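K.L.:
Can you keep this structure in mind? I'll have questions shortly.
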Amino acid sequence: MLNLHAKPYYLNNNQIKIIEKMVANMSQAAKIGQLFFVIGQDENAVNLEAFVNKYQPGGMMYRPDKAAKIQHELATAQINSKIPLFFAANLESGGNGLITEGTWFGTPLQMAATDDPKSAYELGSVSGNEAHQVGANMSFAPIVDIDKNFKNPIMNTRTFGSDKNRIIKMVDAQLKGLEENNIIPVVKHFPGDGVDERDQHLLSSINSLSSEDWMESYGQIYHHLIEEGISTVMVAHIMQPAWERKLQPGIEDKNLRPATSSKLLVNGLLRGVLHFNGLAITDATPMIGYNAALDRKDLLPATINAGIDMILFNKNIDEDYQFVTNAVENGTISQERLNEAVKRILATKLAQKIMDENGQATFIAKENFSINYAEHKKMAEEVAKKSITLVKDRDHLLPMTPKRYPRIRLVVLGDSDDGGFKEGGHVTNLFKERLEMAGFKVTVFDHKHLDFHEVFEEGVADIKQKFDLALYVANVETASNQTTTRLDWIHLMAADSPWFMKSIPTIFVSTANPYHLYDIPSVSTFINAYTGNVPSVEAVIRKLQGHEAFEGKSPVDPFCGDFTAKL
């Protein structure tokens with residue numbers, strides 16, 4: 001039962017009457033429009049005024065673009081919307097989640113490696129400030145998942161690690177940073193990613209914990225956040241069979257559903273057991289993990305009836321609107337349920353000060369916005385200094401100085417745009433330039449033009465004539481729609497692998513996935529940097545040379561439970 005007096009709304013009687021009157025005066029089409037959190041539209045391709053007037057969406061989620069362009073698009077949409085819009089972005093690692101000039105502050109796992117909540121607060125503050133300046137009012141972050149399975153290809157550095165207490169501490173700090181900048185946090189991905197080793201973008205993944213283990217881990221995180229008054233939760237295309245079976249004993253396996261279409265997990269677990277009274281939004285509905293559950297014409301109504309209030313993204317927008325319209329008209333979605341969802345949406349906008357009591361937008365960004373990128377860069381540099389972690393240096397190869405190792409063979413793995421919506425780090429040139437500035441002679445392994453003599457015929461003495469140390473850098477970023485973040489050597493004879501590492505000094509640095517020791521356990525020296533941004537690369541090179549100490553504390557098990565990796 002929706003209670004607008006209670007958390008997270010705390011509306012008074014007059015404010016509740018305003019919401020009820022707004023809903024009573026809305027057309028059916030306007031109500032249905034509010035249920036949709038649509039893809040942010042490009043003003044170069046779409047007439048934004050016409051789009052907003054036609055579809056009347058409740059929110060729009062934008063991918064990164066130039067700051068001035070984003071500001072103009074958000075302002076245009078907000079000015080022309082009858083009901084103020086949510087404007088969201090994936091502000092997971094910095095303001096670069098919305099604007100291309102924005103600060104890539106660092107991944108959540110990097111914040112956790114500082115073991116200082118201040119880092120997570122600054123992540124929220126920098127992200128929130130830059131997004132708010134151009135008109136955004138919502139963040140699809142923090143990520144509150146637990147990195148339980150090192151083979152999971154989608155969580156990894158996007159999480160605050162594997163310790164629920166550290167996660168809570170860091171999430172609380174990030175929330176504060178966002179909220180102080182007038183950004184509504186949306187915690188995700190209920191009922192919890194990080195257990196399965198598959199990606200919900202590609203299938204309905206499974207949180208396979210028992211109901212007791214779930215409650216002791218993910219459940220404690222959500223319980224804490226709900227008690228603290230979190231306003232909005234993103235619901236994922238992830239199954240939690242144990243809780244569905246607990247809430248409906250005897251349910252057949254074929255009737256188990258991912259949370260986005262499960263009344264048991266949303267109305268039952270999230271709202272009933274955990275007492276969440278706020279706004280529930282789906283994760284993106286073009287994902288296979290969503291569409292694998294049911295025919296889309298049945299799935300969208302099932303989502304609303306499960307207790308979810310807003311549908312993120314569309315396939316064919318007209319078709320999706322029609323599917324929901326048909327469901328309302330034939331009674332599949334009742335008027336009561338439709339009105340409840342719309343009340344939650346409007347009440348959240350009012351309570352979170354997106355909308356005033358007259359139904360008007362409280363903030364529209366102006367063209368003369370100002371963002372202090374220089375100050376934000378300094379803050380990111382301090383986080384990099386405190387977070388980079390020396391996992392092991394068995395053979396004491398450090399410090400790595402030009403006098404000790406004048407010739408460096410640089411081998412960069414990953415560094416690819418393949419995979420969906422990456423943060424955007426290419427580190428090859430950055431490492432080469434910074435190492436050469438430090439006085440090293442650097443040769444980069446050329447993956448495109450293999451030296452077949454070297455690959456097939458050269459021995460240790462031949463290699464020693466070319467370089468004194470091999471520096472491996474893995475920039476294998478977490479990204480959607482890819483099935484692994486593991487090391488993937490050249491398939492021809494693993495030509496880029498360090499077969500010589502017992503004979504020639506070899507150092508391995510990961511600027512993303514912290515678990516690569518699983519695939520190269522015998523390497524002597526291993527460093528985790530967590531983020532491939534400029535501050536992190538520069539900090540790595542200073543630390544490699546012994547110019548500053550390694551301060552980071554690993555928020556996960558970098559040895560992946562493998563005793564050989566510890567040797």
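We label chains A, B, ... in the order they appear in the structure tokens, count residues from 1 in each chain, and number ligands from 1 in the order shown.
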Give me, as JSON, numbers by chain, all polymer residues having an atom no more than 8 Å from Pro57 (chain A), counting only C-alpha atoms and skipping those fewer than 2 positions away in the same chain.

P.N.:
{"A": [33, 34, 35, 36, 37, 38, 52, 55, 59, 60, 85]}

K.L.:
Using DSSP on the backbone coordinates, identify all residues within region 79-248 of chain A classified as helix (DSSP H, G or I); present the result as a count of residues only.

P.N.:
71

K.L.:
Do a neighbour search on region 403-413 of chain A at 6 Å with only C-alpha atoms, toss out local chain neighbours closer than 6 positions, and write the hits as a PDB file with N, CA, C and O atoms, in the first residue's frame.

P.N.:
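Result file is selection-v2.pdb:
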ATOM      1  N   PHE A 440      63.159   5.779 -20.114  1.00  0.00           N
ATOM      2  CA  PHE A 440      63.238   4.413 -20.635  1.00  0.00           C
ATOM      3  C   PHE A 440      63.199   4.426 -22.166  1.00  0.00           C
ATOM      4  O   PHE A 440      62.566   5.296 -22.781  1.00  0.00           O
ATOM      5  N   LYS A 441      63.847   3.437 -22.763  1.00  0.00           N
ATOM      6  CA  LYS A 441      63.684   3.185 -24.186  1.00  0.00           C
ATOM      7  C   LYS A 441      62.593   2.124 -24.314  1.00  0.00           C
ATOM      8  O   LYS A 441      62.718   1.016 -23.798  1.00  0.00           O
ATOM      9  N   VAL A 442      61.518   2.460 -25.013  1.00  0.00           N
ATOM     10  CA  VAL A 442      60.317   1.615 -25.026  1.00  0.00           C
ATOM     11  C   VAL A 442      60.046   1.101 -26.433  1.00  0.00           C
ATOM     12  O   VAL A 442      60.001   1.878 -27.399  1.00  0.00           O
ATOM     13  N   THR A 443      59.863  -0.206 -26.544  1.00  0.00           N
ATOM     14  CA  THR A 443      59.348  -0.787 -27.789  1.00  0.00           C
ATOM     15  C   THR A 443      58.014  -1.449 -27.474  1.00  0.00           C
ATOM     16  O   THR A 443      57.891  -2.196 -26.494  1.00  0.00           O
ATOM     17  N   VAL A 444      57.034  -1.157 -28.297  1.00  0.00           N
ATOM     18  CA  VAL A 444      55.685  -1.679 -28.088  1.00  0.00           C
ATOM     19  C   VAL A 444      55.491  -2.937 -28.917  1.00  0.00           C
ATOM     20  O   VAL A 444      55.788  -2.953 -30.126  1.00  0.00           O
ATOM     21  N   PHE A 445      55.000  -3.989 -28.284  1.00  0.00           N
ATOM     22  CA  PHE A 445      54.695  -5.223 -29.016  1.00  0.00           C
ATOM     23  C   PHE A 445      53.581  -4.935 -30.017  1.00  0.00           C
ATOM     24  O   PHE A 445      52.516  -4.413 -29.639  1.00  0.00           O
ATOM     25  N   PHE A 467      65.502  -6.462 -24.909  1.00  0.00           N
ATOM     26  CA  PHE A 467      64.969  -5.670 -23.810  1.00  0.00           C
ATOM     27  C   PHE A 467      65.401  -6.255 -22.470  1.00  0.00           C
ATOM     28  O   PHE A 467      65.755  -7.423 -22.352  1.00  0.00           O
ATOM     29  N   ASP A 468      65.337  -5.381 -21.448  1.00  0.00           N
ATOM     30  CA  ASP A 468      65.788  -5.749 -20.109  1.00  0.00           C
ATOM     31  C   ASP A 468      64.636  -6.130 -19.188  1.00  0.00           C
ATOM     32  O   ASP A 468      64.844  -6.806 -18.177  1.00  0.00           O
ATOM     33  N   LEU A 469      63.455  -5.662 -19.523  1.00  0.00           N
ATOM     34  CA  LEU A 469      62.270  -5.949 -18.706  1.00  0.00           C
ATOM     35  C   LEU A 469      61.037  -5.897 -19.593  1.00  0.00           C
ATOM     36  O   LEU A 469      60.940  -5.039 -20.481  1.00  0.00           O
ATOM     37  N   ALA A 470      60.121  -6.801 -19.341  1.00  0.00           N
ATOM     38  CA  ALA A 470      58.837  -6.775 -20.046  1.00  0.00           C
ATOM     39  C   ALA A 470      57.779  -6.196 -19.112  1.00  0.00           C
ATOM     40  O   ALA A 470      57.605  -6.676 -17.990  1.00  0.00           O
ATOM     41  N   LEU A 471      57.115  -5.154 -19.575  1.00  0.00           N
ATOM     42  CA  LEU A 471      56.018  -4.548 -18.815  1.00  0.00           C
ATOM     43  C   LEU A 471      54.715  -4.877 -19.523  1.00  0.00           C
ATOM     44  O   LEU A 471      54.468  -4.421 -20.645  1.00  0.00           O
ATOM     45  N   TYR A 472      53.903  -5.696 -18.866  1.00  0.00           N
ATOM     46  CA  TYR A 472      52.595  -6.046 -19.395  1.00  0.00           C
ATOM     47  C   TYR A 472      51.541  -5.151 -18.756  1.00  0.00           C
ATOM     48  O   TYR A 472      51.509  -4.990 -17.526  1.00  0.00           O
ATOM     49  N   VAL A 473      50.703  -4.580 -19.587  1.00  0.00           N
ATOM     50  CA  VAL A 473      49.601  -3.754 -19.106  1.00  0.00           C
ATOM     51  C   VAL A 473      48.310  -4.327 -19.682  1.00  0.00           C
ATOM     52  O   VAL A 473      48.157  -4.424 -20.905  1.00  0.00           O
ATOM     53  N   ALA A 474      47.406  -4.737 -18.797  1.00  0.00           N
ATOM     54  CA  ALA A 474      46.103  -5.244 -19.242  1.00  0.00           C
ATOM     55  C   ALA A 474      45.054  -4.171 -19.014  1.00  0.00           C
ATOM     56  O   ALA A 474      44.826  -3.751 -17.876  1.00  0.00           O
ATOM     57  N   ASN A 475      44.454  -3.725 -20.095  1.00  0.00           N
ATOM     58  CA  ASN A 475      43.373  -2.740 -20.009  1.00  0.00           C
ATOM     59  C   ASN A 475      42.098  -3.392 -20.546  1.00  0.00           C
ATOM     60  O   ASN A 475      41.515  -2.956 -21.529  1.00  0.00           O
TER      61      ASN A 475
END

K.L.:
Quick one: residues within 10 Å of Glu43 (chain A), only C-alpha atoms counted, chain neighbours fewer than 3 positions away excluded, as a list in words?

P.N.:
Gly40, Val46, Asn47, Leu48, Glu49, Lys69, Ile70, His72, Glu73, Leu74, Thr76 and Ala77 of chain A

K.L.:
Can you pull out the residues contacting Thr159 (chain A)? Cut-off 9 Å, using only C-alpha atoms, and skip same-chain residues under 2 positions away; I want them as number ranges by chain.

P.N.:
A: 107-109, 112, 142-147, 155-157, 161-162, 167, 194

K.L.:
Using the selection just defined, write its residues with all heavy atoms as a compact mmCIF listing (two decimals), in the first residue's frame.

P.N.:
# COMPACT_ATOMS: atom_id res chain seq x y z
N THR A 107 36.86 4.25 -11.11
CA THR A 107 35.83 3.23 -10.88
C THR A 107 35.52 3.11 -9.40
O THR A 107 36.35 3.43 -8.54
CB THR A 107 36.29 1.87 -11.41
OG1 THR A 107 37.45 1.45 -10.67
CG2 THR A 107 36.62 1.93 -12.89
N PRO A 108 34.33 2.61 -9.07
CA PRO A 108 34.02 2.37 -7.66
C PRO A 108 35.05 1.49 -6.95
O PRO A 108 35.39 1.73 -5.79
CB PRO A 108 32.64 1.71 -7.72
CG PRO A 108 32.01 2.28 -8.95
CD PRO A 108 33.14 2.40 -9.93
N LEU A 109 35.56 0.46 -7.65
CA LEU A 109 36.54 -0.41 -7.00
C LEU A 109 37.81 0.36 -6.65
O LEU A 109 38.47 0.06 -5.65
CB LEU A 109 36.86 -1.61 -7.90
CG LEU A 109 37.52 -2.80 -7.18
CD1 LEU A 109 36.59 -3.39 -6.14
CD2 LEU A 109 37.94 -3.87 -8.18
N ALA A 112 37.13 2.06 -3.45
CA ALA A 112 37.19 1.10 -2.35
C ALA A 112 38.63 0.77 -1.98
O ALA A 112 38.94 0.52 -0.81
CB ALA A 112 36.44 -0.17 -2.73
N PRO A 142 24.51 4.91 -7.01
CA PRO A 142 25.61 3.96 -6.90
C PRO A 142 25.23 2.52 -7.25
O PRO A 142 24.07 2.13 -7.14
CB PRO A 142 25.99 4.03 -5.42
CG PRO A 142 25.33 5.25 -4.88
CD PRO A 142 24.12 5.44 -5.70
N ILE A 143 26.25 1.76 -7.62
CA ILE A 143 26.11 0.32 -7.76
C ILE A 143 26.35 -0.29 -6.39
O ILE A 143 27.37 -0.04 -5.75
CB ILE A 143 27.12 -0.23 -8.78
CG1 ILE A 143 26.70 0.23 -10.19
CG2 ILE A 143 27.23 -1.74 -8.72
CD1 ILE A 143 27.67 -0.15 -11.28
N VAL A 144 25.38 -1.08 -5.91
CA VAL A 144 25.47 -1.65 -4.57
C VAL A 144 25.63 -3.17 -4.61
O VAL A 144 25.42 -3.85 -3.62
CB VAL A 144 24.25 -1.24 -3.71
CG1 VAL A 144 24.11 0.27 -3.70
CG2 VAL A 144 22.96 -1.88 -4.22
N ASP A 145 26.02 -3.69 -5.78
CA ASP A 145 26.20 -5.13 -5.94
C ASP A 145 27.48 -5.60 -5.23
O ASP A 145 28.37 -4.80 -4.92
CB ASP A 145 26.28 -5.48 -7.42
CG ASP A 145 24.99 -5.15 -8.14
OD1 ASP A 145 23.94 -5.69 -7.77
OD2 ASP A 145 25.02 -4.32 -9.08
N ILE A 146 27.56 -6.89 -5.01
CA ILE A 146 28.71 -7.50 -4.35
C ILE A 146 29.49 -8.31 -5.38
O ILE A 146 28.91 -9.14 -6.09
CB ILE A 146 28.26 -8.42 -3.20
CG1 ILE A 146 27.34 -7.66 -2.22
CG2 ILE A 146 29.47 -8.99 -2.46
CD1 ILE A 146 26.72 -8.55 -1.16
N ASP A 147 30.78 -8.09 -5.44
CA ASP A 147 31.60 -8.81 -6.42
C ASP A 147 31.99 -10.18 -5.86
O ASP A 147 33.11 -10.41 -5.44
CB ASP A 147 32.85 -7.98 -6.76
CG ASP A 147 33.43 -8.36 -8.11
OD1 ASP A 147 32.67 -8.80 -8.99
OD2 ASP A 147 34.65 -8.20 -8.30
N MET A 155 30.26 -6.83 -13.53
CA MET A 155 30.37 -6.09 -12.27
C MET A 155 31.80 -5.64 -12.03
O MET A 155 32.19 -4.54 -12.30
CB MET A 155 29.86 -6.95 -11.12
CG MET A 155 28.34 -7.06 -11.12
SD MET A 155 27.58 -5.45 -10.76
CE MET A 155 27.08 -4.92 -12.38
N ASN A 156 32.64 -6.49 -11.41
CA ASN A 156 34.07 -6.26 -11.38
C ASN A 156 34.41 -4.88 -10.82
O ASN A 156 34.05 -4.55 -9.69
CB ASN A 156 34.59 -6.47 -12.80
CG ASN A 156 36.05 -6.84 -12.88
OD1 ASN A 156 36.89 -6.05 -12.51
ND2 ASN A 156 36.35 -8.03 -13.35
N THR A 157 35.08 -4.03 -11.59
CA THR A 157 35.49 -2.72 -11.11
C THR A 157 34.32 -1.76 -10.91
O THR A 157 34.51 -0.68 -10.33
CB THR A 157 36.50 -2.06 -12.07
OG1 THR A 157 35.94 -2.00 -13.37
CG2 THR A 157 37.80 -2.84 -12.10
N GLY A 161 33.51 -3.81 -4.32
CA GLY A 161 34.24 -4.97 -3.85
C GLY A 161 33.36 -6.08 -3.33
O GLY A 161 32.17 -6.18 -3.66
N SER A 162 33.95 -6.92 -2.49
CA SER A 162 33.27 -8.14 -2.04
C SER A 162 32.86 -8.11 -0.58
O SER A 162 32.27 -9.07 -0.08
CB SER A 162 34.19 -9.34 -2.29
OG SER A 162 35.45 -9.15 -1.65
N ILE A 167 31.10 -1.97 1.26
CA ILE A 167 30.16 -1.50 0.25
C ILE A 167 29.20 -0.49 0.86
O ILE A 167 28.97 0.60 0.31
CB ILE A 167 29.39 -2.68 -0.38
CG1 ILE A 167 30.34 -3.54 -1.23
CG2 ILE A 167 28.22 -2.18 -1.22
CD1 ILE A 167 29.76 -4.87 -1.66
N GLY A 194 26.60 -10.04 -9.54
CA GLY A 194 27.91 -10.40 -9.01
C GLY A 194 28.05 -11.84 -8.56
O GLY A 194 29.13 -12.25 -8.14

K.L.:
Taking the DSSP assignment computed from this structure's backbone, write out as a PyMOL selection string all residues of region 214-390 of chain A that belong to strand (DSSP E).

P.N.:
chain A and resi 232-235+238-239+279-282+311-312+389-390

K.L.:
Calculated over only C-alpha atoms, which of the candidates A:Ala384, A:Ile39, A:Ile504, A:Ala88 has the smallest distance to Thr285 (chain A)?

P.N.:
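When distances to Thr285 (chain A) are compared using only C-alpha atoms, the smallest one comes from A:Ile39.
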
K.L.:
Determine, counting only C-alpha atoms, which protein, DNA and RNA residues have an atom within 8 Å of an atom of region 485-487 of chain A; residues of the same chain fewer than 2 positions away are not included. Present the result as a ChimeraX atom specification.

P.N.:
/A:151,153,413,474,476-478,482-483,489,513,516,519
